[in-house]
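Dropping coords.cif in here (mmCIF, C-alpha atoms):
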data_my_file
loop_
_atom_site.label_atom_id
_atom_site.label_comp_id
_atom_site.auth_asym_id
_atom_site.auth_seq_id
_atom_site.Cartn_x
_atom_site.Cartn_y
_atom_site.Cartn_z
CA MET A 1 0.00 0.00 0.00
CA MET A 2 2.88 2.38 0.91
CA ALA A 3 4.73 1.58 -2.32
CA HIS A 4 1.58 2.35 -4.29
CA SER A 5 1.17 5.69 -2.48
CA ILE A 6 4.78 6.64 -3.14
CA HIS A 7 4.40 5.67 -6.79
CA GLY A 8 1.17 7.69 -7.05
CA GLY A 9 2.79 10.72 -5.36
CA TYR A 10 5.81 10.52 -7.64
CA ALA A 11 3.56 10.27 -10.72
CA SER A 12 1.55 13.29 -9.56
CA ALA A 13 4.72 15.32 -9.01
CA VAL A 14 6.10 14.37 -12.40
CA GLY A 15 2.78 15.24 -13.99
CA ALA A 16 2.72 18.66 -12.31
CA ARG A 17 6.30 19.46 -13.41
CA ARG A 18 5.50 18.25 -16.93
CA LYS A 19 2.42 20.46 -17.14
CA SER A 20 4.39 23.46 -15.82
CA THR A 21 7.16 22.89 -18.36
CA LEU A 22 4.68 22.58 -21.21
CA THR A 23 2.97 25.82 -20.21
CA LYS A 24 6.27 27.74 -19.86
CA THR A 25 7.48 26.46 -23.22
CA LEU A 26 4.25 27.52 -24.86
CA ASN A 27 4.34 31.02 -23.33
CA SER A 28 8.04 31.76 -23.92
CA SER A 29 7.92 30.89 -27.61
CA ARG A 30 4.62 32.58 -28.45
CA LEU A 31 6.29 35.64 -29.99
CA MET A 32 8.45 33.49 -32.25
CA THR A 33 5.52 31.73 -33.89
CA ARG A 34 4.80 34.71 -36.13
CA HIS A 35 8.24 34.34 -37.74
CA CYS A 36 8.72 30.57 -37.81
CA PRO A 37 5.93 28.28 -39.06
CA GLU A 38 7.79 25.20 -37.78
CA ILE A 39 7.83 26.56 -34.23
CA ALA A 40 4.13 27.36 -34.61
CA ARG A 41 3.43 23.73 -35.46
CA VAL A 42 5.49 22.52 -32.47
CA ASN A 43 3.70 24.91 -30.14
CA ALA A 44 0.33 23.72 -31.43
CA ALA A 45 1.32 20.16 -30.57
CA ILE A 46 2.51 21.20 -27.10
CA GLY A 47 -0.71 23.11 -26.50
CA SER A 48 -2.74 20.10 -27.56
CA GLU A 49 -0.82 17.84 -25.16
CA ALA A 50 -1.25 20.31 -22.29
CA SER A 51 -4.97 20.59 -23.04
CA GLN A 52 -5.33 16.80 -23.08
CA GLN A 53 -3.55 16.54 -19.74
CA GLU A 54 -5.83 19.17 -18.21
CA GLU A 55 -8.88 17.23 -19.44
CA GLU A 56 -7.54 14.03 -17.87
CA GLU A 57 -7.14 15.83 -14.55
CA GLU A 58 -10.84 16.83 -14.65
CA VAL A 59 -12.02 13.23 -14.39
CA THR A 60 -11.46 10.47 -11.83
CA ILE A 61 -12.14 7.60 -14.23
CA ARG A 62 -9.48 7.04 -16.89
CA ARG A 63 -10.93 6.52 -20.36
CA ARG A 64 -8.48 3.81 -21.42
CA PRO A 65 -5.39 1.90 -20.16
CA PRO A 66 -2.59 4.53 -19.90
CA GLU A 67 0.01 2.11 -21.29
CA GLY A 68 -2.21 0.66 -24.01
CA LEU A 69 -3.79 -2.78 -24.24
CA ASP A 70 -2.03 -5.66 -22.47
CA THR A 71 -2.91 -8.05 -25.27
CA GLN A 72 -2.13 -7.34 -28.93
CA ALA A 73 -3.06 -9.45 -31.94
CA CYS A 74 -0.02 -11.11 -33.52
CA GLY A 75 -0.97 -13.42 -36.36
CA PRO A 76 -2.94 -16.44 -35.15
CA VAL A 77 -2.07 -15.75 -31.49
CA ASP A 78 -2.35 -12.89 -29.05
CA PHE A 79 0.87 -11.35 -27.79
CA LYS A 80 0.95 -10.35 -24.11
CA VAL A 81 2.59 -6.97 -23.54
CA PRO A 82 4.22 -6.46 -20.11
CA SER A 83 2.64 -3.59 -18.18
CA SER A 84 2.59 -2.08 -14.69
CA ASP A 85 -0.18 -2.06 -12.10
CA GLU A 86 -1.13 1.42 -13.34
CA ASN A 87 -2.44 -0.28 -16.48
CA LYS A 88 -5.10 -2.14 -14.49
CA PRO A 89 -8.58 -0.70 -13.78
CA ARG A 90 -8.75 1.02 -10.40
CA ASN A 91 -12.41 0.13 -9.87
CA ILE A 92 -15.38 -1.47 -11.60
CA LEU A 93 -16.53 1.75 -13.29
CA GLU A 94 -13.12 2.13 -14.91
CA GLU A 95 -13.22 -1.51 -16.04
CA ILE A 96 -16.65 -0.92 -17.59
CA VAL A 97 -15.53 2.24 -19.37
CA TRP A 98 -12.40 0.58 -20.77
CA TYR A 99 -14.45 -2.27 -22.21
CA LYS A 100 -16.74 0.18 -24.02
CA ALA A 101 -14.09 0.60 -26.72
CA VAL A 102 -14.50 -3.10 -27.54
CA GLU A 103 -18.31 -2.94 -27.49
CA ILE A 104 -18.51 0.18 -29.65
CA GLU A 105 -16.19 -1.32 -32.25
CA GLN A 106 -18.33 -4.46 -32.35
CA MET A 107 -21.48 -2.35 -32.81
CA ARG A 108 -19.84 -0.34 -35.61
CA GLN A 109 -18.90 -3.52 -37.45
CA LYS A 110 -22.56 -4.62 -37.39
CA VAL A 111 -24.16 -1.23 -38.06
CA SER A 112 -22.26 1.65 -39.68
CA LEU A 113 -22.82 5.21 -38.52
CA ALA A 114 -24.66 5.97 -41.76
CA MET A 115 -27.02 3.04 -41.23
CA LEU A 116 -27.51 4.01 -37.59
CA MET A 117 -28.48 7.56 -38.52
CA GLY A 118 -31.04 6.10 -40.88
CA GLN A 119 -32.52 4.19 -37.94
CA VAL A 120 -32.57 7.42 -35.91
CA LYS A 121 -34.63 9.15 -38.58
CA SER A 122 -37.20 6.35 -38.61
CA ALA A 123 -37.44 6.09 -34.80
CA PRO A 124 -40.62 7.38 -33.08
CA PRO A 125 -40.37 10.99 -31.83
CA ALA A 126 -38.60 11.52 -28.51
CA ARG A 127 -40.79 12.33 -25.51
CA ASP A 128 -40.23 15.00 -22.85
CA PHE A 129 -38.32 13.11 -20.15
CA ILE A 130 -37.72 16.10 -17.86
CA GLY A 131 -41.23 17.42 -18.40
CA ALA A 132 -42.75 14.09 -17.32
CA LEU A 133 -40.77 14.18 -14.07
CA LYS A 134 -41.85 17.75 -13.32
CA GLN A 135 -45.48 16.99 -14.04
CA LYS A 136 -45.55 13.89 -11.83
CA ALA A 137 -43.87 15.77 -8.96
CA GLN A 138 -46.46 18.54 -9.20
CA GLU A 139 -49.35 16.07 -9.25
CA THR A 140 -48.19 13.86 -6.38
CA LYS A 141 -46.15 16.24 -4.21
CA ARG A 142 -43.49 13.53 -4.23
CA PRO A 143 -40.23 13.43 -6.16
CA GLY A 144 -40.72 12.21 -9.71
CA LEU A 145 -39.61 8.58 -9.83
CA ILE A 146 -37.24 7.16 -12.42
CA ALA A 147 -37.65 3.40 -11.86
CA GLU A 148 -34.81 1.26 -13.14
CA VAL A 149 -35.17 -1.82 -15.30
CA LYS A 150 -32.14 -4.02 -14.73
CA LYS A 151 -31.41 -7.70 -14.31
CA ALA A 152 -28.03 -7.65 -12.61
CA SER A 153 -25.16 -5.49 -11.36
CA PRO A 154 -21.41 -6.08 -10.86
CA SER A 155 -21.72 -5.72 -7.07
CA LYS A 156 -24.95 -7.70 -6.49
CA GLY A 157 -24.88 -10.22 -9.33
CA ILE A 158 -28.33 -11.36 -10.50
CA ILE A 159 -30.93 -9.08 -8.89
CA GLN A 160 -34.05 -10.34 -10.67
CA PRO A 161 -33.74 -13.97 -11.92
CA ASN A 162 -37.21 -13.84 -13.50
CA PHE A 163 -36.31 -10.81 -15.57
CA ASP A 164 -38.84 -9.61 -18.13
CA SER A 165 -38.11 -6.03 -19.14
CA VAL A 166 -41.60 -5.33 -20.51
CA LYS A 167 -43.50 -6.73 -17.52
CA ILE A 168 -41.29 -4.83 -15.08
CA ALA A 169 -41.70 -1.60 -17.05
CA GLN A 170 -45.49 -2.01 -17.18
CA ALA A 171 -45.58 -2.65 -13.42
CA TYR A 172 -43.50 0.48 -12.70
CA GLU A 173 -45.80 2.57 -14.85
CA ALA A 174 -48.92 1.18 -13.15
CA GLY A 175 -47.34 1.87 -9.76
CA GLY A 176 -46.80 5.57 -10.46
CA ALA A 177 -43.31 5.91 -11.96
CA ALA A 178 -42.84 9.04 -14.09
CA CYS A 179 -39.98 7.68 -16.20
CA LEU A 180 -37.93 4.52 -16.59
CA SER A 181 -34.19 3.90 -16.64
CA VAL A 182 -33.16 0.95 -18.80
CA LEU A 183 -29.73 -0.67 -18.40
CA THR A 184 -28.16 -1.33 -21.79
CA ASP A 185 -24.72 -2.60 -20.73
CA SER A 186 -24.51 -6.28 -21.63
CA LYS A 187 -21.27 -7.55 -20.06
CA PHE A 188 -21.60 -6.17 -16.54
CA PHE A 189 -25.37 -5.65 -16.12
CA GLN A 190 -26.78 -8.25 -18.52
CA GLY A 191 -28.80 -5.53 -20.24
CA GLY A 192 -29.14 -4.49 -23.85
CA PHE A 193 -30.40 -1.79 -26.20
CA GLU A 194 -33.07 -4.25 -27.31
CA ASN A 195 -34.82 -3.75 -23.96
CA LEU A 196 -35.44 -0.11 -24.88
CA GLN A 197 -37.02 -1.27 -28.13
CA LYS A 198 -39.16 -3.93 -26.43
CA ILE A 199 -40.50 -1.54 -23.79
CA ARG A 200 -41.24 1.20 -26.32
CA SER A 201 -42.93 -1.26 -28.71
CA ALA A 202 -45.08 -2.64 -25.87
CA GLY A 203 -46.81 0.73 -25.53
CA VAL A 204 -45.30 1.87 -22.23
CA SER A 205 -45.85 5.63 -22.17
CA CYS A 206 -43.22 6.53 -19.55
CA PRO A 207 -40.24 8.28 -21.19
CA LEU A 208 -37.09 6.14 -21.22
CA LEU A 209 -33.56 6.91 -20.02
CA CYS A 210 -30.82 4.92 -21.73
CA LYS A 211 -28.62 3.87 -18.79
CA GLU A 212 -25.40 3.40 -20.71
CA PHE A 213 -21.79 4.32 -19.95
CA ILE A 214 -21.47 6.78 -22.79
CA VAL A 215 -18.07 7.83 -24.09
CA GLU A 216 -18.80 8.35 -27.80
CA ALA A 217 -21.52 9.92 -29.95
CA TYR A 218 -22.20 6.55 -31.59
CA GLN A 219 -23.79 5.40 -28.32
CA VAL A 220 -25.94 8.54 -28.23
CA PHE A 221 -27.34 7.80 -31.67
CA LYS A 222 -27.74 4.11 -30.78
CA ALA A 223 -29.88 5.15 -27.79
CA ARG A 224 -32.14 7.34 -29.94
CA ALA A 225 -32.47 4.66 -32.63
CA SER A 226 -33.49 2.19 -29.91
CA GLY A 227 -36.32 4.41 -28.64
CA ALA A 228 -34.70 6.29 -25.75
CA ASP A 229 -35.85 9.78 -24.79
CA ALA A 230 -32.84 10.68 -22.62
CA ILE A 231 -29.29 9.53 -21.94
CA LEU A 232 -26.98 9.37 -18.93
CA LEU A 233 -23.68 11.27 -18.93
CA ILE A 234 -21.25 10.57 -16.06
CA THR A 235 -19.09 13.51 -14.97
CA ALA A 236 -16.43 11.26 -13.42
CA VAL A 237 -15.82 9.82 -16.90
CA LEU A 238 -16.25 12.87 -19.14
CA PRO A 239 -14.27 16.14 -19.11
CA ASN A 240 -16.37 19.21 -19.88
CA SER A 241 -15.23 19.37 -23.51
CA ASP A 242 -16.54 15.83 -24.11
CA MET A 243 -19.65 16.55 -22.07
CA GLU A 244 -20.50 19.59 -24.20
CA TYR A 245 -19.96 17.63 -27.41
CA LEU A 246 -22.18 14.75 -26.27
CA ILE A 247 -24.89 17.14 -25.07
CA LYS A 248 -24.90 18.74 -28.53
CA SER A 249 -25.00 15.30 -30.14
CA ALA A 250 -27.97 14.35 -27.96
CA ARG A 251 -29.76 17.61 -28.67
CA SER A 252 -29.31 17.10 -32.41
CA VAL A 253 -31.48 13.98 -32.30
CA GLY A 254 -34.00 15.19 -29.71
CA LEU A 255 -32.55 13.52 -26.62
CA GLN A 256 -32.37 15.09 -23.17
CA CYS A 257 -29.52 14.41 -20.73
CA LEU A 258 -29.20 13.38 -17.10
CA ILE A 259 -25.74 14.51 -15.99
CA GLU A 260 -24.53 12.50 -13.00
CA VAL A 261 -22.16 13.85 -10.33
CA HIS A 262 -20.63 12.21 -7.28
CA THR A 263 -18.98 15.17 -5.53
CA VAL A 264 -19.34 18.91 -4.96
CA GLY A 265 -16.30 19.42 -7.19
CA GLU A 266 -17.94 17.59 -10.07
CA LEU A 267 -21.11 19.64 -9.70
CA GLU A 268 -19.10 22.87 -9.70
CA ARG A 269 -17.43 21.77 -12.94
CA VAL A 270 -20.72 20.85 -14.64
CA LEU A 271 -22.27 24.20 -13.74
CA LYS A 272 -19.51 25.89 -15.75
CA ILE A 273 -20.89 24.39 -18.97
CA LYS A 274 -22.43 27.29 -20.87
CA ASP A 275 -25.47 25.60 -22.36
CA LEU A 276 -27.32 23.07 -20.20
CA ASP A 277 -30.61 23.40 -22.03
CA GLY A 278 -32.38 20.05 -22.11
CA CYS A 279 -30.30 18.75 -19.20
CA MET A 280 -31.05 17.74 -15.64
CA LEU A 281 -28.64 16.74 -12.90
CA GLY A 282 -28.30 13.71 -10.66
CA ILE A 283 -26.33 12.92 -7.51
CA ASN A 284 -25.06 9.36 -7.26
CA ASN A 285 -24.78 8.45 -3.59
CA ARG A 286 -22.31 5.65 -4.29
CA ASP A 287 -18.66 6.40 -3.53
CA LEU A 288 -16.61 5.47 -6.60
CA GLN A 289 -13.63 4.38 -4.52
CA THR A 290 -15.27 2.38 -1.72
CA PHE A 291 -18.62 1.74 -3.46
CA LYS A 292 -20.41 2.41 -0.18
CA VAL A 293 -23.78 4.14 -0.49
CA ASP A 294 -24.65 7.13 1.71
CA LEU A 295 -27.69 9.37 1.32
CA GLY A 296 -25.70 11.97 3.22
CA ASN A 297 -23.90 12.63 -0.06
CA THR A 298 -27.08 14.17 -1.47
CA GLU A 299 -27.40 16.39 1.61
CA THR A 300 -23.75 17.43 1.45
CA ILE A 301 -23.89 18.38 -2.21
CA MET A 302 -27.26 20.12 -2.06
CA SER A 303 -26.21 22.20 0.97
CA SER A 304 -23.05 23.38 -0.81
CA LYS A 305 -22.75 26.65 -2.72
CA ALA A 306 -23.02 24.70 -5.99
CA GLY A 307 -26.10 22.88 -4.73
CA LYS A 308 -27.78 26.16 -3.87
CA GLU A 309 -26.90 27.46 -7.34
CA VAL A 310 -28.78 24.50 -8.82
CA LEU A 311 -31.89 25.50 -6.88
CA ASP A 312 -31.47 29.20 -7.73
CA ARG A 313 -31.24 28.35 -11.42
CA GLY A 314 -34.37 26.21 -11.22
CA MET A 315 -32.60 23.07 -12.42
CA ILE A 316 -33.98 19.61 -11.72
CA MET A 317 -31.85 17.43 -9.43
CA ALA A 318 -32.21 13.69 -8.85
CA SER A 319 -30.90 11.59 -5.99
CA GLU A 320 -29.65 8.18 -7.12
CA SER A 321 -28.74 4.98 -5.23
CA GLY A 322 -29.47 4.05 -1.63
CA ILE A 323 -33.22 4.78 -1.71
CA PHE A 324 -35.15 1.83 -0.28
CA VAL A 325 -38.07 3.13 1.83
CA TYR A 326 -40.37 6.15 1.97
CA GLU A 327 -38.24 7.74 4.71
CA ASP A 328 -35.33 7.82 2.25
CA VAL A 329 -37.58 9.52 -0.32
CA ALA A 330 -38.61 12.16 2.23
CA ARG A 331 -35.00 12.72 3.25
CA VAL A 332 -33.68 13.52 -0.23
CA GLN A 333 -36.78 15.57 -1.03
CA GLN A 334 -36.09 17.67 2.07
CA ALA A 335 -32.53 18.15 0.78
CA GLY A 336 -33.91 19.71 -2.42
CA CYS A 337 -34.21 16.84 -4.91
CA ASP A 338 -37.31 16.83 -7.12
CA VAL A 339 -36.47 13.43 -8.62
CA ILE A 340 -35.31 10.02 -7.38
CA LEU A 341 -33.78 7.17 -9.37
CA VAL A 342 -34.44 3.79 -7.78
CA GLY A 343 -33.36 0.40 -9.06
CA GLU A 344 -32.43 -2.54 -6.85
CA SER A 345 -35.03 -2.03 -4.10
CA LEU A 346 -37.85 -2.15 -6.68
CA VAL A 347 -36.68 -4.54 -9.39
CA LYS A 348 -35.89 -7.35 -6.95
CA GLN A 349 -39.48 -7.44 -5.69
CA GLY A 350 -41.96 -9.99 -6.92
CA ASP A 351 -44.54 -7.23 -7.39
CA PRO A 352 -42.82 -4.05 -8.64
CA LYS A 353 -46.16 -2.23 -8.91
CA THR A 354 -46.92 -2.59 -5.21
CA GLY A 355 -43.31 -1.84 -4.34
CA THR A 356 -43.47 1.40 -6.32
CA GLU A 357 -46.71 2.43 -4.63
CA GLU A 358 -45.34 1.71 -1.17
CA LEU A 359 -42.15 3.63 -1.86
CA LEU A 360 -43.95 6.78 -2.95
CA ARG A 361 -46.98 6.58 -0.62
CA VAL A 362 -48.95 8.88 -2.90
CA GLY A 363 -52.15 10.07 -1.23
CA LYS A 364 -51.09 8.90 2.21
#

Show how you would write the structure in this file as structure tokens.
Amino acid sequence: MMAHSIHGGYASAVGARRKSTLTKTLNSSRLMTRHCPEIARVNAAIGSEASQQEEEEEVTIRRRPPEGLDTQACGPVDFKVPSSDENKPRNILEEIVWYKAVEIEQMRQKVSLAMLMGQVKSAPPARDFIGALKQKAQETKRPGLIAEVKKASPSKGIIQPNFDSVKIAQAYEAGGAACLSVLTDSKFFQGGFENLQKIRSAGVSCPLLCKEFIVEAYQVFKARASGADAILLITAVLPNSDMEYLIKSARSVGLQCLIEVHTVGELERVLKIKDLDGCMLGINNRDLQTFKVDLGNTETIMSSKAGKEVLDRGMIMASESGIFVYEDVARVQQAGCDVILVGESLVKQGDPKTGTEELLRVGK
């Protein structure tokens, strides 16, 4: 543990000195670029590297293995490339994100971007995800519920062995859910984009959130083509430049966004994004390092200066994870959340409709 800390501290120090050197080099040679095109090209490269490093420092989840893939194709066999412990995922979210590169490439091989955009054009119109949550909250005086349709999770394994995405979705809707969240990750959650299509085709009127670990625009368009009305964007994974690009991509096909934060710092960063039209926010109460769940995280974030700014700007905030009983609902509502996202405590029940009704206690 001590060796790892020393290694991490050394890496941080080297990174800081490297960033400082890059910045000084860029500043000191700025005047020379007008007279030497070659220096201008070098400075552009340095600036790009510095910018990339700054983006990496914004996020806590690395997008890909820093030393490249451990296994490389070499003829009929795979060649194992030696790598350090830094090339291993630090937690399950990082492992999921790293595998997305494989999944996206597989999807592209089956359906080109051009074909996918054709599917987007023929998809039914997107519905107002955020509007449905607001309306339900006004009608019931309870936080609008996003009920999650999922079969399994990396931490709990199989949650609902008798999984039927359509029946579960119909039960949630009958029980009073405003919207649904549908897991589409196949490897770690045993979900799939086809569940969005099945639920939409079955006539469920609740707007659908595509619960995917999005890192590329292809996934955004895949969500819309599959019948989603909104997508999830995770701040721990995406620097603001990527976030802005994916928000624009979503907006271009009529999708709204739920932007998820885990800390006050992440919320402060998200609030710096200039255009958040068509976006709502969510607080995940699960610690990304320990994976412990604490509703106090919602209270901490909402009581911060950034949390108060959310309320002042009239933005919709959801509390996610750790909500099991009505007292939990009341607690996060008191903290300022107009929306709750609930998965495990509902989907594992034999009667999700009754479970939804008991959680919300509408009219009681």

Task: Result set, the PyMOL selection byres ((chain A and resi 173-190) around 7) on current file, as a PyMOL selection string - done: chain A and resi 129+132-133+136+144-154+169-172+191-193+196+206-212+353-354+356-357

TODO: Measure the distance from CA of Cys257 in chain A to CA of Met317 in chain A in Å and round it to one decimal.
DONE: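 CA of Cys257 in chain A sits 11.9 Å away from CA of Met317 in chain A.
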
Given 8 Å on each side, where is the centre and what are the edge lengths in Å to one decimal of the axis-aligned box enclosing the listed atoms of range 102-106 of chain A, as AutoDock Vina command-line options?
--center_x -16.5 --center_y -2.1 --center_z -29.9 --size_x 20.0 --size_y 20.6 --size_z 20.9

TODO: Convert the output of the PyMOL selection byres ((chain A and resi 331-335) around 12) on the shown file into explicit residues, formatted as a count of residues only.
DONE: 46

Task: Length of the CA of Ser252 in chain A to CA of Val59 in chain A vector [Å] - done: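 Those two atoms sit 25.3 Å apart.
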
- [ ] One decimal, Å: what's the distance from CA of Ile247 in chain A over to CA of Met280 in chain A, could you say?
- [x]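 CA of Met280 in chain A lies at a distance of 11.3 Å from CA of Ile247 in chain A.
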
TODO: Report as number ranges by chain the residues that result from applying the PyMOL selection byres ((chain A and resi 234) around 6) to the structure here.
DONE: A: 233, 235-237, 259-260

Open item on the list: Between A:Lys222, A:Lys364, A:Lys305, A:Arg62, which residue has the minimum interatomic distance to Leu255 in chain A, considering only C-alpha atoms?
Closed with: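 Going through A:Lys222, A:Lys364, A:Lys305, A:Arg62 one by one, the smallest distance to Leu255 in chain A is for A:Lys222.
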
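Nearest residue to Asp229 in chain A among A:Ser122, A:Ser205, A:Ser84, A:Gln138 is A:Ser205, counting only C-alpha atoms.
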
Open item on the list: Under the rule that only C-alpha atoms are counted, which of A:Ser249, A:Val166, A:Met315, A:Arg361 is the nearest residue to Gly203 in chain A?
Closed with: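 Smallest distance to Gly203 in chain A is found for A:Val166.
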
Open item on the list: Env of Pro66 in chain A: 9 Å cut, atoms = all atoms listed in the file, seq-sep filter 2 positions within chain, self excluded. Answer as a PyMOL selection string.
Closed with: chain A and resi 62-64+68-69+86-88
